[in-house]
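So this one's coords_34.txt, compact mmCIF, C-alpha atoms:
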```txt
# COMPACT_ATOMS: atom_id res chain seq x y z
CA MET A 1 0.00 0.00 0.00
CA LYS A 2 1.31 3.42 -0.94
CA ARG A 3 2.18 5.92 1.79
CA PRO A 4 2.51 9.29 -0.05
CA PHE A 5 5.42 11.37 1.24
CA LEU A 6 5.78 9.16 4.32
CA PRO A 7 9.53 9.91 4.80
CA LEU A 8 8.83 13.66 4.81
CA LEU A 9 5.87 13.80 7.21
CA PRO A 10 7.96 14.14 10.40
CA TYR A 11 10.05 16.81 8.67
CA LEU A 12 6.93 18.70 7.60
CA GLU A 13 5.80 18.63 11.20
CA ARG A 14 9.12 20.17 12.30
CA TYR A 15 9.80 22.33 9.22
CA PRO A 16 6.33 23.28 7.90
CA PHE A 17 7.78 25.86 5.50
CA LEU A 18 9.01 23.15 3.09
CA ASN A 19 7.79 23.80 -0.46
CA VAL A 20 6.89 20.15 -0.84
CA ALA A 21 3.99 20.74 1.58
CA SER A 22 1.97 22.23 -1.30
CA LYS A 23 1.97 18.80 -2.99
CA LEU A 24 0.35 17.20 0.02
CA PHE A 25 -1.90 19.80 1.63
CA SER A 26 -4.22 22.58 0.51
CA PHE A 27 -6.30 24.93 2.64
CA SER A 28 -9.08 27.38 1.90
CA LYS A 29 -8.88 31.02 2.98
CA GLU A 30 -11.73 30.41 5.39
CA GLU A 31 -9.89 27.50 7.00
CA ILE A 32 -6.71 29.54 7.33
CA ILE A 33 -8.30 32.54 9.09
CA SER A 34 -10.80 30.54 11.15
CA ASP A 35 -8.52 30.24 14.19
CA LEU A 36 -5.36 32.34 14.50
CA GLU A 37 -4.81 32.17 18.26
CA ASP A 38 -2.11 29.47 18.30
CA ALA A 39 -0.29 31.18 15.44
CA ARG A 40 -0.40 34.54 17.22
CA ASN A 41 1.03 32.98 20.39
CA PHE A 42 3.81 31.32 18.40
CA ILE A 43 4.78 34.62 16.73
CA GLU A 44 4.89 36.38 20.09
CA ASP A 45 7.08 33.62 21.54
CA VAL A 46 9.48 33.88 18.60
CA LEU A 47 9.73 37.67 18.88
CA GLU A 48 10.32 37.44 22.63
CA ASN A 49 12.97 34.70 22.30
CA LYS A 50 10.86 32.05 24.01
CA ILE A 51 11.17 29.40 21.28
CA ARG A 52 13.91 26.78 21.36
CA LEU A 53 13.99 23.68 19.18
CA LYS A 54 16.04 21.03 20.95
CA LEU A 55 14.91 17.92 19.15
CA GLU A 56 16.51 14.60 18.34
CA PRO A 57 17.40 13.98 14.68
CA ILE A 58 14.75 12.25 12.59
CA ASP A 59 15.63 9.01 10.82
CA PHE A 60 15.31 9.49 7.07
CA LEU A 61 13.35 6.37 6.08
CA CYS A 62 14.87 6.39 2.60
CA SER A 63 18.44 5.94 3.77
CA ASN A 64 18.47 2.15 3.46
CA CYS A 65 15.54 1.67 1.09
CA ALA A 66 16.16 -0.75 -1.77
CA VAL A 67 13.46 0.72 -4.07
CA ARG A 68 14.17 4.37 -3.45
CA GLU A 69 14.56 5.29 -7.13
CA GLU A 70 11.02 4.07 -7.86
CA CYS A 71 9.32 6.45 -5.44
CA LYS A 72 8.98 9.40 -7.82
CA GLY A 73 10.14 12.02 -5.34
CA PHE A 74 8.59 10.37 -2.27
CA GLU A 75 5.12 10.40 -3.83
CA SER A 76 4.85 6.60 -4.08
CA CYS A 77 6.49 5.40 -0.89
CA ASP A 78 6.16 1.65 -0.23
CA HIS A 79 7.94 1.65 3.11
CA PRO A 80 6.19 -0.78 5.51
CA PHE A 81 4.15 1.32 7.92
CA SER A 82 0.77 0.78 9.56
CA SER A 83 -2.17 2.79 8.26
CA ALA A 84 -2.90 4.14 11.73
CA ASP A 85 0.66 5.39 12.27
CA TYR A 86 0.77 6.92 8.81
CA HIS A 87 -2.55 8.70 9.39
CA ALA A 88 -1.33 10.05 12.74
CA ARG A 89 1.85 11.41 11.16
CA PHE A 90 -0.17 12.85 8.30
CA LEU A 91 -2.49 14.77 10.66
CA ARG A 92 0.38 16.12 12.78
CA ALA A 93 2.16 17.37 9.66
CA LYS A 94 -1.05 18.91 8.33
CA ARG A 95 -1.71 20.79 11.58
CA SER A 96 1.85 22.09 11.62
CA VAL A 97 1.71 23.31 8.02
CA LEU A 98 -1.67 24.98 8.59
CA ASN A 99 -0.41 26.76 11.69
CA TRP A 100 2.68 27.93 9.78
CA ILE A 101 0.50 29.37 7.00
CA ARG A 102 -1.54 31.17 9.66
CA CYS A 103 1.68 32.58 11.11
CA LYS A 104 2.72 33.79 7.68
CA VAL A 105 -0.64 35.48 7.16
CA ILE A 106 -0.37 37.34 10.47
CA VAL A 107 3.26 38.31 9.87
CA SER A 108 2.35 39.52 6.36
CA ASN A 109 0.12 42.11 7.98
CA LEU A 110 2.83 43.46 10.31
CA ASP A 111 5.14 46.35 9.40
CA ASP A 112 8.43 45.70 7.65
CA PHE A 113 10.46 45.98 10.85
CA LEU A 114 8.50 43.26 12.64
CA ARG A 115 8.34 41.02 9.55
CA ARG A 116 12.10 41.24 9.27
CA ARG A 117 12.57 40.66 13.00
CA PHE A 118 10.37 37.55 12.88
CA ALA A 119 12.14 36.24 9.76
CA VAL A 120 15.59 36.68 11.28
CA LYS A 121 14.68 35.07 14.59
CA ILE A 122 12.78 32.08 13.24
CA ALA A 123 15.43 31.44 10.56
CA ARG A 124 18.08 31.26 13.31
CA ILE A 125 15.90 28.87 15.32
CA TYR A 126 15.49 26.58 12.32
CA ARG A 127 19.19 26.83 11.48
CA ASP A 128 20.15 25.52 14.92
CA SER A 129 17.73 22.62 14.45
CA ILE A 130 18.83 21.82 10.89
CA LEU A 131 22.44 21.48 12.04
CA ASN A 132 21.35 18.41 14.03
CA GLU A 133 19.70 16.72 11.05
CA SER A 134 21.25 14.13 8.75
CA ASP A 135 23.30 15.16 5.75
CA GLU A 136 20.66 13.54 3.55
CA PHE A 137 17.91 15.80 4.86
CA ILE A 138 20.07 18.94 4.66
CA LEU A 139 20.75 18.24 0.98
CA PHE A 140 17.06 17.52 0.39
CA LEU A 141 16.23 20.83 2.09
CA ALA A 142 18.60 22.67 -0.24
CA ASP A 143 16.85 21.06 -3.22
CA ASP A 144 13.45 21.98 -1.82
CA LEU A 145 14.55 25.62 -1.44
CA GLY A 146 15.86 25.73 -5.00
CA ILE A 147 19.54 26.08 -4.10
CA ASP A 148 21.92 25.07 -6.89
CA HIS A 149 24.43 22.79 -5.19
CA GLU A 150 26.58 19.69 -5.48
CA ASN A 151 26.67 18.06 -2.08
CA PHE A 152 27.86 20.85 0.25
CA SER A 153 29.24 23.00 -2.57
CA ILE A 154 26.98 25.81 -3.81
CA HIS A 155 26.95 27.39 -7.24
CA VAL A 156 28.76 30.70 -7.32
CA THR A 157 25.60 32.56 -8.42
CA ASP A 158 23.65 31.45 -5.35
CA TYR A 159 26.69 31.90 -3.16
CA LEU A 160 27.09 35.54 -4.15
CA LYS A 161 23.37 36.15 -3.73
CA TYR A 162 23.28 35.00 -0.11
CA ALA A 163 26.85 35.24 1.20
CA VAL A 164 26.94 38.98 0.59
CA LYS A 165 24.49 39.33 3.48
CA ILE A 166 26.97 37.79 5.93
CA LYS A 167 29.32 40.43 7.29
CA SER A 168 32.61 38.59 7.62
CA ASP A 169 35.77 38.59 5.51
CA GLU A 170 35.84 34.80 5.38
CA TRP A 171 32.62 34.86 3.32
CA LYS A 172 34.12 37.02 0.58
CA LEU A 173 34.44 35.04 -2.63
CA VAL A 174 38.15 35.87 -2.90
CA ASN A 175 38.69 33.87 0.30
CA ARG A 176 36.86 30.78 -0.97
CA GLU A 177 37.80 27.74 -3.06
CA LEU A 178 35.97 27.80 -6.39
CA LYS A 179 35.88 24.68 -8.56
CA ASN A 180 33.86 24.20 -11.75
CA GLY A 181 31.56 27.06 -10.81
CA TYR A 182 30.84 25.79 -7.29
CA VAL A 183 32.08 27.20 -3.99
CA ASN A 184 33.26 24.54 -1.55
CA LEU A 185 31.73 24.85 1.93
CA LYS A 186 31.86 23.02 5.19
CA ARG A 187 28.65 21.45 6.42
CA ASN A 188 27.93 24.15 9.00
CA GLU A 189 28.69 26.87 6.42
CA PHE A 190 26.25 25.29 4.00
CA VAL A 191 23.55 25.41 6.70
CA ARG A 192 24.50 29.02 7.44
CA LEU A 193 23.70 29.93 3.85
CA ILE A 194 20.42 28.03 4.11
CA GLU A 195 19.60 30.36 7.00
CA GLU A 196 19.97 33.35 4.65
CA VAL A 197 17.69 31.67 2.10
CA LEU A 198 15.12 31.09 4.83
CA LYS A 199 15.22 34.74 5.93
CA GLU A 200 14.37 35.81 2.40
CA LYS A 201 11.65 33.18 2.13
CA PHE A 202 10.09 34.16 5.44
CA MET A 203 9.91 37.82 4.37
CA GLU A 204 7.52 36.89 1.55
CA LYS A 205 3.94 38.04 2.05
CA ILE A 206 0.69 36.10 1.78
CA PRO A 207 -2.01 38.41 0.35
CA ILE A 208 -4.67 37.74 2.98
CA PHE A 209 -5.74 40.59 5.25
CA VAL A 210 -6.28 39.90 8.95
CA ASN A 211 -6.40 42.32 11.84
CA VAL A 212 -4.49 40.57 14.60
CA LYS A 213 -2.79 42.57 17.35
CA LEU A 214 0.20 41.09 19.12
CA ASP A 215 0.25 41.28 22.90
CA ILE A 216 3.65 42.94 23.06
CA ASP A 217 4.53 46.61 23.44
CA PHE A 218 6.95 46.73 20.52
CA SER A 219 7.33 50.49 20.66
CA LYS A 220 9.21 50.17 23.94
CA LYS A 221 11.24 47.20 22.76
CA ARG A 222 12.20 48.83 19.46
CA PHE A 223 12.92 52.32 20.63
CA GLU A 224 13.81 52.15 24.29
CA LYS A 225 15.90 55.05 25.50
CA LEU A 226 19.54 54.22 26.08
CA PRO A 227 21.98 56.08 28.31
CA ILE A 228 23.46 58.99 26.37
CA ARG A 229 27.20 58.36 26.20
CA GLU A 230 28.81 60.13 23.30
CA LYS A 231 32.09 58.28 23.87
CA CYS A 232 30.24 55.15 22.76
CA PHE A 233 29.12 56.58 19.43
CA PRO A 234 30.53 54.54 16.53
CA GLU A 235 33.21 56.33 14.52
CA CYS A 236 30.93 56.84 11.52
CA MET A 237 28.50 58.85 13.64
CA LYS A 238 31.32 60.77 15.31
CA ALA A 239 32.64 61.71 11.86
CA ILE A 240 29.24 63.03 10.75
CA LEU A 241 28.84 65.02 13.97
CA SER A 242 32.34 66.46 13.55
CA ASP A 243 31.55 67.60 10.01
CA LEU A 244 28.29 69.20 11.15
CA ASN A 245 30.03 70.99 14.00
CA ASP A 246 32.65 72.29 11.56
CA GLY A 247 29.93 73.68 9.30
CA LYS A 248 30.63 71.27 6.45
CA ASN A 249 27.91 70.42 3.95
CA VAL A 250 27.02 66.86 5.03
CA PRO A 251 25.12 64.90 2.32
CA HIS A 252 21.48 63.93 2.80
CA THR A 253 22.44 60.32 3.55
CA GLY A 254 24.74 61.44 6.36
CA ARG A 255 22.06 63.72 7.82
CA PHE A 256 19.49 60.94 7.76
CA ALA A 257 21.98 58.48 9.32
CA ILE A 258 22.86 60.71 12.28
CA ALA A 259 19.26 61.82 12.86
CA SER A 260 17.87 58.27 12.85
CA PHE A 261 20.76 57.06 15.04
CA LEU A 262 20.23 59.79 17.64
CA ILE A 263 16.47 59.28 17.68
CA ASN A 264 16.87 55.58 18.34
CA ILE A 265 19.19 56.07 21.31
CA GLY A 266 16.85 58.55 22.97
CA TYR A 267 17.71 62.06 21.76
CA SER A 268 14.78 64.51 21.69
CA VAL A 269 13.74 66.20 18.46
CA GLU A 270 14.88 69.56 19.81
CA ARG A 271 18.33 68.23 20.70
CA ILE A 272 18.75 66.72 17.24
CA VAL A 273 17.72 69.99 15.58
CA ASP A 274 20.50 71.69 17.54
CA VAL A 275 22.99 69.23 16.05
CA PHE A 276 22.29 70.69 12.60
CA ARG A 277 22.55 74.38 13.54
CA ASN A 278 26.05 74.77 12.10
CA ALA A 279 25.06 73.28 8.74
CA PRO A 280 25.58 75.89 5.96
CA ASP A 281 21.97 75.58 4.75
CA PHE A 282 20.33 75.25 8.19
CA ASP A 283 16.62 76.08 8.28
CA GLU A 284 15.11 75.42 11.70
CA ASP A 285 11.50 74.83 10.60
CA LYS A 286 12.51 72.55 7.74
CA THR A 287 15.00 70.65 9.89
CA LYS A 288 12.46 70.16 12.67
CA TYR A 289 9.89 68.89 10.20
CA GLN A 290 12.33 66.37 8.71
CA VAL A 291 13.51 65.15 12.12
CA GLU A 292 9.91 64.74 13.30
CA HIS A 293 9.19 62.72 10.17
CA ILE A 294 12.14 60.42 10.90
CA ALA A 295 10.96 60.16 14.52
CA GLY A 296 7.53 58.95 13.40
CA LEU A 297 5.73 62.08 14.57
CA ARG A 298 4.58 62.92 11.05
CA GLY A 299 3.58 61.04 7.93
CA LYS A 300 2.55 57.43 8.58
CA GLY A 301 3.69 57.60 12.19
CA GLU A 302 6.45 55.02 11.78
CA ARG A 303 9.83 55.76 13.27
CA TYR A 304 12.80 55.08 11.01
CA ILE A 305 15.52 52.72 12.18
CA ALA A 306 19.19 53.62 11.85
CA PRO A 307 20.84 52.41 8.60
CA SER A 308 22.83 49.21 8.81
CA CYS A 309 26.61 49.10 8.47
CA GLU A 310 26.15 47.63 4.98
CA THR A 311 24.07 50.66 4.01
CA MET A 312 26.59 53.04 5.61
CA LYS A 313 29.32 51.45 3.51
CA SER A 314 27.28 51.77 0.32
CA TRP A 315 26.76 55.47 1.13
CA GLY A 316 30.50 55.97 1.68
CA LEU A 317 29.96 56.87 5.34
CA CYS A 318 31.77 53.94 7.01
CA VAL A 319 35.16 54.97 8.42
CA TRP A 320 35.84 52.21 10.92
CA ASN A 321 35.64 48.42 11.19
CA CYS A 322 33.26 48.08 14.15
CA GLU A 323 32.89 44.29 13.77
CA THR A 324 29.11 44.57 13.93
CA ASP A 325 26.26 45.06 11.47
CA ASN A 326 24.50 48.12 12.84
CA PRO A 327 25.64 51.34 14.58
CA ILE A 328 22.93 50.92 17.23
CA LYS A 329 24.18 47.45 18.08
CA PHE A 330 27.72 48.80 18.47
CA TYR A 331 26.45 51.56 20.74
CA ARG A 332 24.48 49.12 22.90
CA ARG A 333 27.51 46.91 23.40
CA CYS A 334 29.68 49.85 24.37
CA VAL A 335 27.09 51.22 26.79
CA SER A 336 26.79 47.81 28.42
CA GLY A 337 30.57 47.65 28.76
CA ASP A 338 31.03 44.73 26.35
CA SER A 339 33.19 46.53 23.81
CA ASN A 340 35.11 49.16 25.77
CA SER A 341 38.33 47.14 25.67
CA LYS A 342 38.06 46.48 21.95
CA ARG A 343 37.63 50.02 20.76
CA THR A 344 41.25 51.03 21.00
CA SER A 345 43.08 47.76 20.57
CA LYS A 346 41.25 45.81 17.89
CA HIS A 347 39.43 48.12 15.54
CA LYS A 348 41.27 49.56 12.58
CA SER A 349 40.26 52.57 10.57
CA ASN A 350 39.22 51.94 6.96
CA THR A 351 41.04 55.14 6.13
CA GLN A 352 44.24 53.74 7.57
CA ASN A 353 43.75 50.45 5.76
CA ASN A 354 43.36 52.26 2.44
CA SER A 355 46.36 54.57 2.94
```

Show how you would write the structure in this file as structure tokens.
Amino acid sequence: MKRPFLPLLPYLERYPFLNVASKLFSFSKEEIISDLEDARNFIEDVLENKIRLKLEPIDFLCSNCAVREECKGFESCDHPFSSADYHARFLRAKRSVLNWIRCKVIVSNLDDFLRRRFAVKIARIYRDSILNESDEFILFLADDLGIDHENFSIHVTDYLKYAVKIKSDEWKLVNRELKNGYVNLKRNEFVRLIEEVLKEKFMEKIPIFVNVKLDIDFSKKRFEKLPIREKCFPECMKAILSDLNDGKNVPHTGRFAIASFLINIGYSVERIVDVFRNAPDFDEDKTKYQVEHIAGLRGKGERYIAPSCETMKSWGLCVWNCETDNPIKFYRRCVSGDSNSKRTSKHKSNTQNNS
């Protein structure tokens, strides 16, 4: 008796985002939005770091199967298994996939900041779990996600697409072994790239509107006031402030960067306006309006986050290797005392490196 997709059912229960789920399950819009409570609770737990997947590896039933090539991509599995056990696995996988779709619907209706935050956190959770799976499943997962690979080597096109998002010199292509168009990776590095693929996948929207409010005060979590310690400002922000103080004509990107950075560490609008007073084209009313817009006090009411280090580099505003991915993160670490010892001994100026 055939057991369709039997080897994948326990994986679909654990990883309900697999594309292969669409071959096995389908749900109506009414069924999806009928009960969103469990999905809402799951999203809140993810965003508040309450989810941990510490599960034992699943045995891939195909590993020692003599008729594996006849299964047509798992669709015609003949593995001996009782009907009752198969049905139980089938229902568990179906419930998991349905709940995941409900999560995606809710997340699709959140703002970009929260969608990105959820995607990053849940991708990391799944990455930690995937590392404990068999090589066979990891390679199947790569196939399911459409990654061009040969074992744990990934095609250079896909490598460049996803590795560029990882801020570390070791991920630069020049530091990698390239053979016949494929970049050789270690097992854990291969899974690390899968994490980046998952982040992108989880940012995709499902076009179903629902009005679900999360029981978390994100405004406080996103924009909590930090102690004002100018000595902890990253060098890029210090450079912009220095140019403003000297009356130099700072470009729009630099003005936005410093304004959004100062807003997100607790500066008042009035204090930020004062920062721009020495600018050669200073107009108080216009400056106040623009700062209020960045602060979320005008327009759509959404406060802007500070640009990432990658963005600062693309704008030509990065002057220091802070070994982080966002100026706010660097500032937090310094304020908490984690990076005070590193600032003078380990960081090297990009200007010095290029001289």

Which residues come within 9 Å of A:Cys318, counting all atoms listed in the file, excluding same-chain residues fewer than 2 positions away, as a PDB file with C-alpha atoms, in the coordinates of the input?
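As a result, selection14.pdb now contains:
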```pdb
ATOM      1  CA  GLU A 235      33.210  56.330  14.520  1.00  0.00           C
ATOM      2  CA  CYS A 236      30.930  56.840  11.520  1.00  0.00           C
ATOM      3  CA  MET A 237      28.500  58.850  13.640  1.00  0.00           C
ATOM      4  CA  CYS A 309      26.610  49.100   8.470  1.00  0.00           C
ATOM      5  CA  GLU A 310      26.150  47.630   4.980  1.00  0.00           C
ATOM      6  CA  THR A 311      24.070  50.660   4.010  1.00  0.00           C
ATOM      7  CA  MET A 312      26.590  53.040   5.610  1.00  0.00           C
ATOM      8  CA  LYS A 313      29.320  51.450   3.510  1.00  0.00           C
ATOM      9  CA  SER A 314      27.280  51.770   0.320  1.00  0.00           C
ATOM     10  CA  TRP A 315      26.760  55.470   1.130  1.00  0.00           C
ATOM     11  CA  GLY A 316      30.500  55.970   1.680  1.00  0.00           C
ATOM     12  CA  TRP A 320      35.840  52.210  10.920  1.00  0.00           C
ATOM     13  CA  ASN A 321      35.640  48.420  11.190  1.00  0.00           C
ATOM     14  CA  ASN A 350      39.220  51.940   6.960  1.00  0.00           C
TER      15      ASN A 350
END
```

Note to self: For stretch 265-282 of chain A, find every residue with an atom within 7 Å (counting all atoms listed in the file), except residues of its own chain fewer than 2 positions away, and show them as JSON, numbers by chain.
What the structure shows: {"A": [225, 226, 244, 245, 247, 248, 249, 259, 261, 262, 263, 284, 287, 288, 291, 292]}

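Taking atom CA of A:Phe209 as the reference point, atom CA of A:Pro307 is found at 29.3 Å.
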
Next item on the list: May I ask which of the residues A:Arg255, A:Lys165, A:Lys2, A:Arg14 is the closest one to A:Arg89, counting all atoms listed in the file?
Entry: A:Arg14

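For the pair atom CA of A:Lys23 and atom CA of A:Asn99, the separation is 16.9 Å.
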
Completion step: stretch 244-271 of chain A with N, CA and C atoms as a PDB file, keeping the file's coordinate frame:
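What ended up in rebuild01.pdb:
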```
ATOM      1  N   LEU A 244      29.373  68.252  10.887  1.00  0.00           N
ATOM      2  CA  LEU A 244      28.290  69.200  11.150  1.00  0.00           C
ATOM      3  C   LEU A 244      28.771  70.329  12.062  1.00  0.00           C
ATOM      4  N   ASN A 245      29.513  69.970  13.080  1.00  0.00           N
ATOM      5  CA  ASN A 245      30.030  70.990  14.000  1.00  0.00           C
ATOM      6  C   ASN A 245      30.980  71.958  13.305  1.00  0.00           C
ATOM      7  N   ASP A 246      31.700  71.449  12.282  1.00  0.00           N
ATOM      8  CA  ASP A 246      32.650  72.290  11.560  1.00  0.00           C
ATOM      9  C   ASP A 246      31.979  73.079  10.435  1.00  0.00           C
ATOM     10  N   GLY A 247      30.648  72.926  10.320  1.00  0.00           N
ATOM     11  CA  GLY A 247      29.930  73.680   9.300  1.00  0.00           C
ATOM     12  C   GLY A 247      30.074  73.128   7.897  1.00  0.00           C
ATOM     13  N   LYS A 248      30.479  71.869   7.776  1.00  0.00           N
ATOM     14  CA  LYS A 248      30.630  71.270   6.450  1.00  0.00           C
ATOM     15  C   LYS A 248      29.255  70.863   5.898  1.00  0.00           C
ATOM     16  N   ASN A 249      29.182  70.764   4.596  1.00  0.00           N
ATOM     17  CA  ASN A 249      27.910  70.420   3.950  1.00  0.00           C
ATOM     18  C   ASN A 249      27.771  68.897   3.898  1.00  0.00           C
ATOM     19  N   VAL A 250      27.206  68.318   4.932  1.00  0.00           N
ATOM     20  CA  VAL A 250      27.020  66.860   5.030  1.00  0.00           C
ATOM     21  C   VAL A 250      25.929  66.425   4.056  1.00  0.00           C
ATOM     22  N   PRO A 251      26.141  65.348   3.277  1.00  0.00           N
ATOM     23  CA  PRO A 251      25.120  64.900   2.320  1.00  0.00           C
ATOM     24  C   PRO A 251      23.849  64.434   3.019  1.00  0.00           C
ATOM     25  N   HIS A 252      22.781  64.333   2.244  1.00  0.00           N
ATOM     26  CA  HIS A 252      21.480  63.930   2.800  1.00  0.00           C
ATOM     27  C   HIS A 252      21.572  62.590   3.524  1.00  0.00           C
ATOM     28  N   THR A 253      22.330  61.647   2.932  1.00  0.00           N
ATOM     29  CA  THR A 253      22.440  60.320   3.550  1.00  0.00           C
ATOM     30  C   THR A 253      23.067  60.408   4.942  1.00  0.00           C
ATOM     31  N   GLY A 254      24.084  61.264   5.064  1.00  0.00           N
ATOM     32  CA  GLY A 254      24.740  61.440   6.360  1.00  0.00           C
ATOM     33  C   GLY A 254      23.801  62.086   7.368  1.00  0.00           C
ATOM     34  N   ARG A 255      23.004  63.055   6.922  1.00  0.00           N
ATOM     35  CA  ARG A 255      22.060  63.720   7.820  1.00  0.00           C
ATOM     36  C   ARG A 255      20.976  62.752   8.303  1.00  0.00           C
ATOM     37  N   PHE A 256      20.494  61.941   7.363  1.00  0.00           N
ATOM     38  CA  PHE A 256      19.490  60.940   7.760  1.00  0.00           C
ATOM     39  C   PHE A 256      20.097  59.944   8.739  1.00  0.00           C
ATOM     40  N   ALA A 257      21.327  59.487   8.470  1.00  0.00           N
ATOM     41  CA  ALA A 257      21.980  58.480   9.320  1.00  0.00           C
ATOM     42  C   ALA A 257      22.129  58.987  10.750  1.00  0.00           C
ATOM     43  N   ILE A 258      22.641  60.209  10.915  1.00  0.00           N
ATOM     44  CA  ILE A 258      22.860  60.710  12.280  1.00  0.00           C
ATOM     45  C   ILE A 258      21.550  61.000  12.977  1.00  0.00           C
ATOM     46  N   ALA A 259      20.551  61.522  12.236  1.00  0.00           N
ATOM     47  CA  ALA A 259      19.260  61.820  12.860  1.00  0.00           C
ATOM     48  C   ALA A 259      18.567  60.542  13.324  1.00  0.00           C
ATOM     49  N   SER A 260      18.534  59.526  12.475  1.00  0.00           N
ATOM     50  CA  SER A 260      17.870  58.270  12.850  1.00  0.00           C
ATOM     51  C   SER A 260      18.628  57.573  13.977  1.00  0.00           C
ATOM     52  N   PHE A 261      19.957  57.654  13.957  1.00  0.00           N
ATOM     53  CA  PHE A 261      20.760  57.060  15.040  1.00  0.00           C
ATOM     54  C   PHE A 261      20.449  57.736  16.368  1.00  0.00           C
ATOM     55  N   LEU A 262      20.459  59.057  16.390  1.00  0.00           N
ATOM     56  CA  LEU A 262      20.230  59.790  17.640  1.00  0.00           C
ATOM     57  C   LEU A 262      18.820  59.589  18.158  1.00  0.00           C
ATOM     58  N   ILE A 263      17.848  59.526  17.261  1.00  0.00           N
ATOM     59  CA  ILE A 263      16.470  59.280  17.680  1.00  0.00           C
ATOM     60  C   ILE A 263      16.351  57.933  18.376  1.00  0.00           C
ATOM     61  N   ASN A 264      17.017  56.942  17.820  1.00  0.00           N
ATOM     62  CA  ASN A 264      16.870  55.580  18.340  1.00  0.00           C
ATOM     63  C   ASN A 264      17.683  55.302  19.591  1.00  0.00           C
ATOM     64  N   ILE A 265      18.519  56.242  20.009  1.00  0.00           N
ATOM     65  CA  ILE A 265      19.190  56.070  21.310  1.00  0.00           C
ATOM     66  C   ILE A 265      18.628  57.026  22.352  1.00  0.00           C
ATOM     67  N   GLY A 266      17.559  57.773  21.959  1.00  0.00           N
ATOM     68  CA  GLY A 266      16.850  58.550  22.970  1.00  0.00           C
ATOM     69  C   GLY A 266      16.968  60.051  22.897  1.00  0.00           C
ATOM     70  N   TYR A 267      17.631  60.611  21.890  1.00  0.00           N
ATOM     71  CA  TYR A 267      17.710  62.060  21.760  1.00  0.00           C
ATOM     72  C   TYR A 267      16.325  62.642  21.461  1.00  0.00           C
ATOM     73  N   SER A 268      16.032  63.820  21.990  1.00  0.00           N
ATOM     74  CA  SER A 268      14.780  64.510  21.690  1.00  0.00           C
ATOM     75  C   SER A 268      14.892  65.183  20.321  1.00  0.00           C
ATOM     76  N   VAL A 269      13.744  65.509  19.750  1.00  0.00           N
ATOM     77  CA  VAL A 269      13.740  66.200  18.460  1.00  0.00           C
ATOM     78  C   VAL A 269      14.490  67.522  18.567  1.00  0.00           C
ATOM     79  N   GLU A 270      14.241  68.255  19.639  1.00  0.00           N
ATOM     80  CA  GLU A 270      14.880  69.560  19.810  1.00  0.00           C
ATOM     81  C   GLU A 270      16.396  69.436  19.880  1.00  0.00           C
ATOM     82  N   ARG A 271      16.884  68.412  20.565  1.00  0.00           N
ATOM     83  CA  ARG A 271      18.330  68.230  20.700  1.00  0.00           C
ATOM     84  C   ARG A 271      18.965  67.871  19.359  1.00  0.00           C
TER      85      ARG A 271
END
```
